[in-house]
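Student: Got coords37.cif for you, mmCIF, C-alpha atoms and all ligand atoms:
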data_input
#
loop_
_atom_site.label_atom_id
_atom_site.label_comp_id
_atom_site.auth_asym_id
_atom_site.auth_seq_id
_atom_site.Cartn_x
_atom_site.Cartn_y
_atom_site.Cartn_z
CA MET A 27 0.00 0.00 0.00
CA SER A 28 2.82 2.38 0.82
CA GLU A 29 4.62 1.50 -2.43
CA GLY A 30 5.99 4.63 -4.01
CA LEU A 31 5.34 6.64 -0.87
CA VAL A 32 7.95 8.01 1.46
CA TYR A 33 6.80 6.89 4.89
CA LEU A 34 8.33 9.06 7.61
CA ASP A 35 5.82 8.47 10.38
CA HIS A 36 7.37 5.46 12.09
CA ALA A 37 6.88 7.03 15.52
CA ALA A 38 3.12 6.78 14.88
CA THR A 39 3.44 3.16 13.82
CA THR A 40 5.92 1.06 11.90
CA PRO A 41 5.31 -1.87 9.53
CA VAL A 42 5.08 -5.37 10.97
CA ARG A 43 8.43 -7.13 10.65
CA PRO A 44 8.38 -10.28 8.48
CA GLU A 45 9.57 -12.36 11.46
CA ALA A 46 6.57 -11.18 13.48
CA LEU A 47 4.07 -11.86 10.70
CA GLU A 48 5.43 -15.34 10.13
CA ALA A 49 5.28 -16.16 13.83
CA MET A 50 1.69 -14.90 14.07
CA LEU A 51 0.10 -16.62 11.08
CA PRO A 52 -0.47 -20.09 12.61
CA TRP A 53 -2.17 -18.48 15.60
CA LEU A 54 -4.60 -16.71 13.28
CA THR A 55 -5.37 -19.84 11.27
CA THR A 56 -4.85 -23.45 12.34
CA HIS A 57 -3.86 -22.81 15.98
CA TYR A 58 -6.96 -21.09 17.27
CA GLY A 59 -7.12 -22.24 20.90
CA ASN A 60 -8.07 -20.17 23.89
CA PRO A 61 -5.09 -20.44 26.26
CA SER A 62 -7.35 -20.48 29.32
CA GLY A 63 -8.81 -23.88 28.39
CA SER A 64 -7.51 -27.32 29.33
CA HIS A 65 -7.67 -29.48 26.17
CA ALA A 66 -4.92 -30.00 23.62
CA VAL A 67 -5.83 -27.05 21.35
CA ALA A 68 -5.99 -24.72 24.37
CA ARG A 69 -2.77 -26.10 25.82
CA ALA A 70 -0.91 -25.35 22.57
CA ALA A 71 -2.05 -21.74 22.76
CA ARG A 72 -1.08 -21.55 26.43
CA GLN A 73 2.37 -22.83 25.59
CA ALA A 74 2.75 -20.20 22.84
CA VAL A 75 1.81 -17.44 25.29
CA ASP A 76 4.24 -18.83 27.89
CA GLU A 77 7.08 -18.97 25.38
CA ALA A 78 6.29 -15.45 24.17
CA ARG A 79 6.30 -14.27 27.77
CA GLU A 80 9.83 -15.62 28.25
CA LEU A 81 11.06 -13.81 25.12
CA VAL A 82 9.38 -10.52 26.03
CA ALA A 83 10.74 -10.74 29.59
CA ALA A 84 14.27 -11.32 28.26
CA GLY A 85 13.95 -8.25 26.03
CA LEU A 86 12.67 -6.10 28.86
CA GLY A 87 15.12 -7.33 31.48
CA CYS A 88 12.54 -8.78 33.86
CA GLY A 89 11.22 -12.16 34.94
CA PRO A 90 8.42 -13.83 32.93
CA GLY A 91 6.06 -13.49 35.90
CA GLU A 92 6.61 -9.73 35.83
CA VAL A 93 5.17 -9.33 32.31
CA VAL A 94 1.48 -8.37 32.04
CA PHE A 95 0.21 -8.49 28.45
CA THR A 96 -2.12 -5.62 27.59
CA GLY A 97 -4.05 -4.28 24.62
CA GLY A 98 -1.28 -1.77 23.79
CA GLY A 99 0.66 1.14 25.22
CA THR A 100 -2.33 3.21 26.31
CA GLU A 101 -3.69 0.37 28.41
CA ALA A 102 -0.26 -0.37 29.91
CA ASP A 103 0.16 3.29 30.94
CA ASN A 104 -3.36 3.47 32.38
CA LEU A 105 -2.86 0.22 34.29
CA ALA A 106 0.36 1.56 35.78
CA ILE A 107 -1.13 4.85 37.02
CA ALA A 108 -4.71 3.94 37.86
CA GLY A 109 -3.75 0.45 39.04
CA VAL A 110 -1.21 1.64 41.61
CA VAL A 111 -3.40 4.49 42.88
CA ALA A 112 -6.43 2.18 43.17
CA ALA A 113 -4.39 -0.38 45.10
CA ARG A 114 -2.61 1.99 47.48
CA GLY A 115 -4.49 5.29 47.54
CA GLY A 116 -2.56 8.54 47.18
CA THR A 117 -1.88 10.21 43.89
CA ALA A 118 0.40 10.40 40.85
CA VAL A 119 3.03 12.75 39.42
CA CYS A 120 4.26 12.95 35.81
CA THR A 121 6.13 15.23 33.42
CA ALA A 122 4.33 17.79 31.28
CA ILE A 123 5.49 16.09 28.07
CA GLU A 124 4.05 12.62 28.70
CA HIS A 125 1.83 11.00 26.10
CA HIS A 126 -1.85 11.63 26.83
CA ALA A 127 -2.15 7.98 27.92
CA VAL A 128 -0.17 9.01 30.99
CA LEU A 129 -1.15 12.68 31.32
CA HIS A 130 -4.89 12.01 31.28
CA ALA A 131 -4.52 9.04 33.64
CA VAL A 132 -2.58 11.25 36.08
CA GLU A 133 -5.16 14.03 35.77
CA ALA A 134 -7.94 11.51 36.46
CA VAL A 135 -6.45 10.72 39.88
CA GLY A 136 -5.92 14.40 40.70
CA GLY A 137 -2.16 14.17 40.19
CA ARG A 138 0.55 16.76 39.57
CA VAL A 139 2.47 17.67 36.44
CA VAL A 140 6.12 18.72 36.51
CA GLY A 141 7.79 21.03 33.98
CA VAL A 142 10.66 20.43 31.56
CA ASP A 143 13.37 22.66 30.08
CA GLY A 144 13.66 23.90 26.49
CA ASP A 145 15.08 20.55 25.37
CA GLY A 146 12.24 18.59 27.00
CA ARG A 147 14.38 17.43 29.90
CA LEU A 148 12.74 16.96 33.29
CA ASP A 149 13.72 19.44 36.00
CA LEU A 150 14.76 17.16 38.89
CA ASP A 151 14.44 19.94 41.50
CA GLN A 152 10.86 20.57 40.42
CA LEU A 153 10.23 16.85 40.52
CA GLY A 154 11.57 16.61 44.08
CA ALA A 155 9.37 19.54 45.13
CA ALA A 156 6.26 17.87 43.67
CA LEU A 157 6.73 14.61 45.61
CA ASP A 158 5.45 13.88 49.10
CA ASP A 159 4.19 10.97 51.14
CA ARG A 160 0.91 10.99 49.23
CA THR A 161 2.71 10.20 45.97
CA ALA A 162 2.00 6.59 45.01
CA VAL A 163 3.38 6.58 41.46
CA VAL A 164 5.73 8.80 39.45
CA SER A 165 5.64 8.54 35.66
CA VAL A 166 8.54 9.74 33.51
CA MET A 167 8.76 8.64 29.89
CA LEU A 168 12.02 7.13 28.67
CA ALA A 169 11.79 8.91 25.31
CA ASN A 170 9.34 11.47 24.03
CA ASN A 171 7.17 10.60 21.05
CA GLU A 172 7.13 14.05 19.46
CA VAL A 173 10.63 15.48 19.81
CA GLY A 174 12.52 12.36 20.93
CA THR A 175 14.11 13.66 24.16
CA VAL A 176 15.55 10.80 26.23
CA GLN A 177 15.37 11.12 30.03
CA ALA A 178 18.03 9.76 32.40
CA LEU A 179 15.90 7.52 34.57
CA ASP A 180 18.62 6.69 37.09
CA GLY A 181 18.62 10.31 38.29
CA VAL A 182 14.83 10.32 38.36
CA ALA A 183 14.77 7.13 40.45
CA GLU A 184 17.17 8.67 42.94
CA VAL A 185 14.90 11.70 43.42
CA VAL A 186 11.88 9.42 43.87
CA ARG A 187 13.74 7.28 46.43
CA SER A 188 14.82 10.32 48.44
CA HIS A 189 11.59 12.39 48.28
CA ALA A 190 8.87 9.73 48.13
CA PRO A 191 10.37 6.42 49.23
CA GLY A 192 6.97 4.72 49.23
CA ALA A 193 6.27 5.60 45.57
CA VAL A 194 6.94 3.44 42.52
CA LEU A 195 8.51 4.74 39.30
CA HIS A 196 6.68 4.03 36.06
CA THR A 197 8.24 4.68 32.67
CA ASP A 198 6.57 4.80 29.30
CA ALA A 199 9.15 3.10 27.06
CA VAL A 200 6.75 2.88 24.11
CA GLN A 201 8.96 4.98 21.80
CA GLY A 202 12.23 3.90 23.33
CA PHE A 203 12.12 0.15 22.76
CA ALA A 204 12.90 0.23 19.04
CA TRP A 205 16.10 2.20 19.57
CA LEU A 206 17.37 2.01 23.14
CA ASP A 207 18.55 -0.74 25.46
CA VAL A 208 15.35 -0.61 27.47
CA ALA A 209 16.31 -3.51 29.74
CA ALA A 210 19.34 -1.56 31.00
CA LEU A 211 17.89 1.97 30.93
CA THR A 212 14.70 1.09 32.82
CA ALA A 213 16.31 -1.11 35.47
CA ASP A 214 15.45 1.46 38.16
CA ALA A 215 11.74 1.60 37.24
CA GLN A 216 9.23 -0.72 38.88
CA LEU A 217 6.73 -0.38 36.01
CA VAL A 218 7.60 -0.21 32.29
CA ALA A 219 5.14 0.12 29.37
CA VAL A 220 5.79 -0.97 25.77
CA ALA A 221 3.60 -1.30 22.65
CA ALA A 222 4.34 -3.83 19.88
CA HIS A 223 3.32 -1.67 16.92
CA LYS A 224 6.15 0.78 17.53
CA PHE A 225 8.85 -1.84 16.94
CA GLY A 226 7.54 -4.15 14.24
CA GLY A 227 4.83 -6.08 16.05
CA PRO A 228 1.08 -5.80 15.49
CA LYS A 229 -1.20 -3.05 16.78
CA GLY A 230 -3.37 -3.57 19.84
CA VAL A 231 -0.90 -5.51 21.95
CA GLY A 232 1.61 -4.32 24.52
CA ALA A 233 2.99 -5.13 27.92
CA LEU A 234 3.47 -3.65 31.32
CA VAL A 235 6.40 -4.84 33.38
CA VAL A 236 5.23 -5.06 36.99
CA ARG A 237 8.25 -5.85 39.14
CA ASP A 238 7.77 -8.34 41.94
CA GLY A 239 6.48 -6.69 45.07
CA VAL A 240 4.49 -3.95 43.27
CA THR A 241 0.78 -4.27 43.86
CA LEU A 242 -1.74 -2.85 41.47
CA ALA A 243 -5.47 -3.20 41.05
CA PRO A 244 -6.65 -4.44 37.63
CA LEU A 245 -8.40 -2.08 35.21
CA LEU A 246 -10.22 -5.01 33.63
CA ARG A 247 -11.93 -7.59 35.81
CA GLY A 248 -13.20 -10.89 34.56
CA GLY A 249 -11.61 -14.30 34.09
CA GLY A 250 -8.48 -13.45 36.08
CA GLN A 251 -5.94 -13.90 33.26
CA GLU A 252 -2.43 -12.50 33.72
CA ARG A 253 -2.51 -13.51 37.39
CA ASP A 254 -5.54 -11.33 38.01
CA ARG A 255 -3.77 -8.21 36.76
CA ARG A 256 -5.49 -8.08 33.34
CA SER A 257 -8.56 -10.16 32.57
CA GLY A 258 -9.64 -11.00 29.03
CA THR A 259 -8.88 -13.79 26.55
CA HIS A 260 -5.26 -13.52 25.45
CA ASN A 261 -4.53 -12.06 22.02
CA VAL A 262 -2.42 -15.12 21.21
CA ALA A 263 -1.33 -14.11 17.70
CA GLY A 264 -0.59 -10.56 18.85
CA ILE A 265 1.44 -11.73 21.82
CA VAL A 266 3.42 -14.20 19.68
CA GLY A 267 4.00 -11.47 17.08
CA MET A 268 5.15 -9.03 19.74
CA ALA A 269 7.63 -11.58 21.09
CA ALA A 270 9.09 -12.16 17.61
CA ALA A 271 9.37 -8.39 17.12
CA VAL A 272 11.10 -8.05 20.50
CA GLN A 273 13.64 -10.69 19.49
CA ALA A 274 14.30 -9.14 16.07
CA THR A 275 14.52 -5.64 17.52
CA VAL A 276 16.99 -6.59 20.23
CA ALA A 277 19.11 -8.61 17.78
CA HIS A 278 19.45 -5.71 15.31
CA ARG A 279 18.94 -2.68 17.55
CA ALA A 280 22.46 -1.31 17.92
CA GLU A 281 23.29 -1.56 14.22
CA MET A 282 19.82 -0.30 13.21
CA ALA A 283 20.01 2.70 15.55
CA ALA A 284 23.43 3.68 14.18
CA ARG A 285 22.22 3.37 10.57
CA VAL A 286 19.00 5.30 11.16
CA ARG A 287 20.83 7.97 13.15
CA ARG A 288 23.05 8.64 10.12
CA LEU A 289 19.96 8.91 7.91
CA ARG A 290 18.22 11.25 10.37
CA ASP A 291 21.31 13.45 10.66
CA ARG A 292 21.63 13.71 6.88
CA LEU A 293 17.92 14.53 6.61
CA ALA A 294 18.12 17.26 9.26
CA ASP A 295 21.39 18.71 7.94
CA ARG A 296 20.09 18.99 4.41
CA ILE A 297 16.79 20.59 5.42
CA VAL A 298 18.46 23.09 7.74
CA ALA A 299 20.98 23.94 5.01
CA GLU A 300 18.35 24.40 2.31
CA LEU A 301 15.61 26.17 4.27
CA PRO A 302 16.50 29.37 6.10
CA GLY A 303 15.12 29.78 9.60
CA VAL A 304 14.40 26.09 10.25
CA VAL A 305 15.15 25.00 13.82
CA GLU A 306 15.61 21.43 15.07
CA SER A 307 13.70 20.91 18.32
CA ALA A 308 15.01 19.51 21.61
CA GLY A 309 18.70 20.35 21.63
CA ALA A 310 21.69 18.12 20.99
CA ARG A 311 20.99 15.16 18.74
CA ASP A 312 22.71 12.66 21.01
CA GLY A 313 20.16 13.42 23.73
CA ARG A 314 17.32 12.35 21.45
CA LEU A 315 16.05 9.18 19.81
CA PRO A 316 18.02 8.44 16.64
CA ASN A 317 14.97 8.28 14.38
CA ILE A 318 13.14 11.53 15.10
CA CYS A 319 13.71 14.75 13.20
CA HIS A 320 11.39 17.38 14.66
CA LEU A 321 11.56 20.75 12.96
CA ARG A 322 10.05 24.16 13.45
CA ILE A 323 9.62 26.00 10.19
CA PRO A 324 8.77 29.67 10.71
CA GLY A 325 6.14 31.07 8.40
CA VAL A 326 4.61 27.69 7.62
CA GLU A 327 1.47 26.16 9.15
CA SER A 328 1.96 22.48 9.98
CA GLU A 329 -1.36 21.46 8.56
CA SER A 330 -0.84 23.06 5.16
CA LEU A 331 2.63 21.60 5.04
CA LEU A 332 1.38 18.10 5.81
CA VAL A 333 -1.25 18.38 3.07
CA LEU A 334 1.36 19.37 0.47
CA LEU A 335 3.76 16.65 1.62
CA ASP A 336 0.97 14.10 1.46
CA ALA A 337 0.09 15.20 -2.07
CA ASP A 338 3.76 14.72 -2.94
CA GLY A 339 3.77 11.18 -1.50
CA VAL A 340 5.46 11.95 1.82
CA CYS A 341 3.76 10.76 5.02
CA ALA A 342 4.75 12.85 8.04
CA SER A 343 3.00 14.25 11.05
CA ALA A 344 2.96 17.20 13.38
CA GLY A 345 3.27 15.53 16.72
CA SER A 346 1.46 12.58 18.14
CA ALA A 347 -0.77 10.60 15.79
CA CYS A 348 -3.02 9.86 18.73
CA ALA A 349 -3.88 13.55 18.86
CA SER A 350 -4.05 14.05 15.09
CA GLY A 351 -6.94 16.02 13.79
CA ALA A 352 -6.56 18.44 16.68
CA LEU A 353 -5.70 22.00 15.75
CA ASP A 354 -4.25 22.75 19.16
CA PRO A 355 -0.52 23.29 19.31
CA SER A 356 1.38 20.39 20.83
CA HIS A 357 1.38 20.28 24.65
CA VAL A 358 4.95 18.98 24.43
CA LEU A 359 6.23 22.04 22.57
CA LEU A 360 4.30 24.42 24.82
CA ALA A 361 5.80 22.72 27.89
CA MET A 362 9.25 23.24 26.33
CA GLY A 363 8.55 26.98 26.20
CA VAL A 364 7.90 27.18 22.44
CA ASP A 365 5.37 29.90 21.67
CA ARG A 366 2.00 28.94 20.21
CA ALA A 367 2.67 30.28 16.71
CA GLU A 368 5.97 28.45 16.45
CA ALA A 369 4.40 25.31 17.87
CA ARG A 370 1.89 25.44 15.03
CA SER A 371 4.70 25.49 12.46
CA SER A 372 6.28 22.18 13.28
CA VAL A 373 6.68 18.86 11.54
CA ARG A 374 7.87 15.47 12.78
CA LEU A 375 9.71 13.24 10.34
CA SER A 376 10.33 9.88 11.99
CA LEU A 377 12.36 7.13 10.38
CA GLY A 378 12.08 3.41 11.02
CA TRP A 379 13.65 0.03 10.44
CA PRO A 380 12.78 -0.06 6.70
CA SER A 381 13.93 3.55 5.98
CA GLY A 382 16.71 4.16 3.47
CA ASP A 383 18.69 6.86 1.64
CA ASP A 384 16.02 7.25 -1.00
CA ASP A 385 13.47 8.23 1.67
CA VAL A 386 15.79 10.98 2.87
CA ASP A 387 16.49 12.30 -0.63
CA ARG A 388 12.85 12.35 -1.66
CA ALA A 389 11.68 13.88 1.62
CA VAL A 390 14.17 16.74 1.35
CA VAL A 391 13.05 17.56 -2.19
CA ALA A 392 9.36 17.43 -1.22
CA LEU A 393 9.82 19.48 1.94
CA VAL A 394 11.87 22.19 0.25
CA ARG A 395 9.28 22.39 -2.53
CA ALA A 396 6.34 22.53 -0.10
CA VAL A 397 7.90 25.14 2.17
CA GLY A 398 8.86 27.24 -0.86
CA GLN A 399 5.27 27.11 -2.03
CA LEU A 400 3.86 28.06 1.37
CA ARG A 401 6.36 30.86 1.90
CA SER A 402 5.92 32.43 -1.55
CA PRO A 403 3.66 35.53 -1.42
CA ALA A 404 0.91 33.97 -3.52
CA GLY A 405 1.27 30.61 -1.83
CA ILE A 406 2.04 29.05 -5.21
CA THR A 407 5.13 28.40 -7.21
CA SER A 408 5.47 28.77 -10.92
C1 LIG B 501 5.04 7.50 24.15
C2 LIG B 501 3.76 6.81 23.85
N1 LIG B 501 3.04 6.27 24.85
C3 LIG B 501 1.90 5.63 24.63
C4 LIG B 501 1.39 5.48 23.37
C5 LIG B 501 0.10 4.74 23.17
O1 LIG B 501 0.37 3.46 22.68
P1 LIG B 501 -0.78 2.66 21.87
O2 LIG B 501 -0.90 3.34 20.55
O3 LIG B 501 -0.23 1.27 21.74
O4 LIG B 501 -2.00 2.69 22.69
C6 LIG B 501 2.07 6.04 22.29
C7 LIG B 501 1.52 5.98 20.91
O5 LIG B 501 1.73 6.88 20.12
C8 LIG B 501 3.30 6.71 22.54
O6 LIG B 501 4.01 7.25 21.53
#
Starting from the coordinates I provided, produce the structure as structure tokens.
Ligand SMILES: Cc1ncc(COP(=O)(O)O)c(C=O)c1O

Tutor:
Amino acid sequence: MSEGLVYLDHAATTPVRPEALEAMLPWLTTHYGNPSGSHAVARAARQAVDEARELVAAGLGCGPGEVVFTGGGTEADNLAIAGVVAARGGTAVCTAIEHHAVLHAVEAVGGRVVGVDGDGRLDLDQLGAALDDRTAVVSVMLANNEVGTVQALDGVAEVVRSHAPGAVLHTDAVQGFAWLDVAALTADAQLVAVAAHKFGGPKGVGALVVRDGVTLAPLLRGGGQERDRRSGTHNVAGIVGMAAAVQATVAHRAEMAARVRRLRDRLADRIVAELPGVVESAGARDGRLPNICHLRIPGVESESLLVLLDADGVCASAGSACASGALDPSHVLLAMGVDRAEARSSVRLSLGWPSGDDDVDRAVVALVRAVGQLRSPAGITS
């Protein structure tokens, strides 16, 4: 379907890896059992879920019993925040640049939001000041989905331990998993959310790591699957596909991240060189995910730009796909101190595992053409 198109929206979702599709197919066709049953067909499905759990746990640096399969990243984030607060009482604290899956869950329990600097980095002093003995859960994303800022979670964990020793640290690693060594970088967090469709697995399946000793109340009650932490018949094919995507991602991650970083840097360098006034968001590139190129292009409205890019075969976005359609400027950029007009003139180009040189070359040509058209007095080029 995307043949001939330049797809630069991998942070919204990325194609299913062939390894994941191949692993899933039997569980969508001949192997149709419900893993909660007891006969042979059910037992085969149960075994597939158990094996997938081992693989996902290895990729996330936790024990198999600490993996709770969910219906995606949004559910994992909601389970982390609402589940801990429901189990323990108290409230939640998060950064101002979290995905809405976290922000809205924190708001729903009357929690607090902590600011970030111009690069999207959490202010640890502000975090410390926001914590007290009522804080049950603190949520700080590993990597931001719009601008790509990566947070140092070890420092965050230290502040949580010293200011709210009874609280647990949750991290949304949904964008990070494709590019970063999540097992190592989230070792200090008690709860970790991931979503398969961001790293080559299918949509609608994810996981929450719940480290031993953390109690949370389920969001979904029913048959008691996932050791009573998430009821509902397992999405067997999705879980198997996610496990295959975890394996493939971890196996190729370092080399893939280095390759995509070079592509992203070339993309950003060429655009900045060819278009006066363009600013890359979120500071030094090595403090950001390797695949995200977030630009502010003065004098150009994001929406008009996206329409022209789309017409030219380039798929990009202006922030989080989950909020697409909204005309409001991005809450992430506003939290970083970007003014509203500038926030409305931004574009996110995000590369992924299938991206190549041709995508970069074609995107630069299309972007330069579109911006030229939008900046020309008549809004048209000859
Ligand atoms: C950082 C982050 N968290 C959570 C989510 C939600 O994940 P899902 O789409 O699987 O519900 C997204 C999706 O864009 C995301 O980028």

Student: So how far away is CA of Ala219 (chain A) from CA of Cys88 (chain A), in Å?

Tutor: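 Computed distance, CA of Cys88 (chain A) to CA of Ala219 (chain A), equals 12.4 Å.
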
Student: Would you list the contacts of Ala204 (chain A) as a PyMOL selection string, taking every protein, DNA or RNA residue within 7 Å and counting only C-alpha atoms, but skipping same-chain residues closer than 4 positions in sequence?

Tutor: chain A and resi 224-225+275+279

Student: Enumerate residues in contact with ligand LIG 501 (chain B): an atom-to-atom distance of at most 10 Å, counting only C-alpha atoms and all ligand atoms. Format the result as a PyMOL selection string.

Tutor: chain A and resi 36-39+96-104+123-128+167-172+174+197-202+219-224+228-233+345-349

Student: My list of candidates is A:Asp291, A:Asp338, A:Glu368, A:Asp145. Which is closest to Pro324 (chain A) when distances are computed with all atoms listed in the file?

Tutor: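 Closest candidate: A:Glu368.
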
Student: Just give me the gap between CA of Ala178 (chain A) and CA of Ala122 (chain A) in Å, one decimal is fine.

Tutor: 15.9 Å

Student: Report the distance between CA of Arg290 (chain A) and CA of Leu315 (chain A) in Å, rounded to one decimal place.

Tutor: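 Between CA of Arg290 (chain A) and CA of Leu315 (chain A) the gap is 9.9 Å.
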
Student: For region 35-50 of chain A, supply N, CA and C atoms and report the output as a compact mmCIF listing (two decimals), in the frame of the given file.

Tutor:
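Result file is part.txt:
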# COMPACT_ATOMS: atom_id res chain seq x y z
N ASP A 35 6.68 8.34 9.19
CA ASP A 35 5.82 8.47 10.38
C ASP A 35 5.93 7.21 11.24
N HIS A 36 7.16 6.71 11.35
CA HIS A 36 7.37 5.46 12.09
C HIS A 36 7.15 5.62 13.59
N ALA A 37 7.17 6.85 14.09
CA ALA A 37 6.88 7.03 15.52
C ALA A 37 5.38 6.84 15.77
N ALA A 38 4.56 7.03 14.73
CA ALA A 38 3.12 6.78 14.88
C ALA A 38 2.87 5.28 14.86
N THR A 39 3.44 4.63 13.88
CA THR A 39 3.44 3.16 13.82
C THR A 39 4.39 2.74 12.73
N THR A 40 4.93 1.54 12.87
CA THR A 40 5.92 1.06 11.90
C THR A 40 5.44 -0.28 11.33
N PRO A 41 5.83 -0.63 10.11
CA PRO A 41 5.31 -1.87 9.53
C PRO A 41 5.67 -3.09 10.38
N VAL A 42 4.82 -4.10 10.28
CA VAL A 42 5.08 -5.37 10.97
C VAL A 42 6.30 -6.02 10.32
N ARG A 43 7.23 -6.45 11.16
CA ARG A 43 8.43 -7.13 10.65
C ARG A 43 8.04 -8.51 10.10
N PRO A 44 8.72 -8.97 9.05
CA PRO A 44 8.38 -10.28 8.48
C PRO A 44 8.45 -11.40 9.52
N GLU A 45 9.42 -11.31 10.43
CA GLU A 45 9.57 -12.36 11.46
C GLU A 45 8.31 -12.42 12.33
N ALA A 46 7.75 -11.24 12.62
CA ALA A 46 6.57 -11.18 13.48
C ALA A 46 5.35 -11.75 12.75
N LEU A 47 5.21 -11.37 11.47
CA LEU A 47 4.07 -11.86 10.70
C LEU A 47 4.11 -13.38 10.58
N GLU A 48 5.28 -13.89 10.29
CA GLU A 48 5.43 -15.34 10.13
C GLU A 48 5.09 -16.07 11.43
N ALA A 49 5.55 -15.51 12.53
CA ALA A 49 5.28 -16.16 13.83
C ALA A 49 3.79 -16.12 14.15
N MET A 50 3.10 -15.07 13.71
CA MET A 50 1.69 -14.90 14.07
C MET A 50 0.74 -15.80 13.28
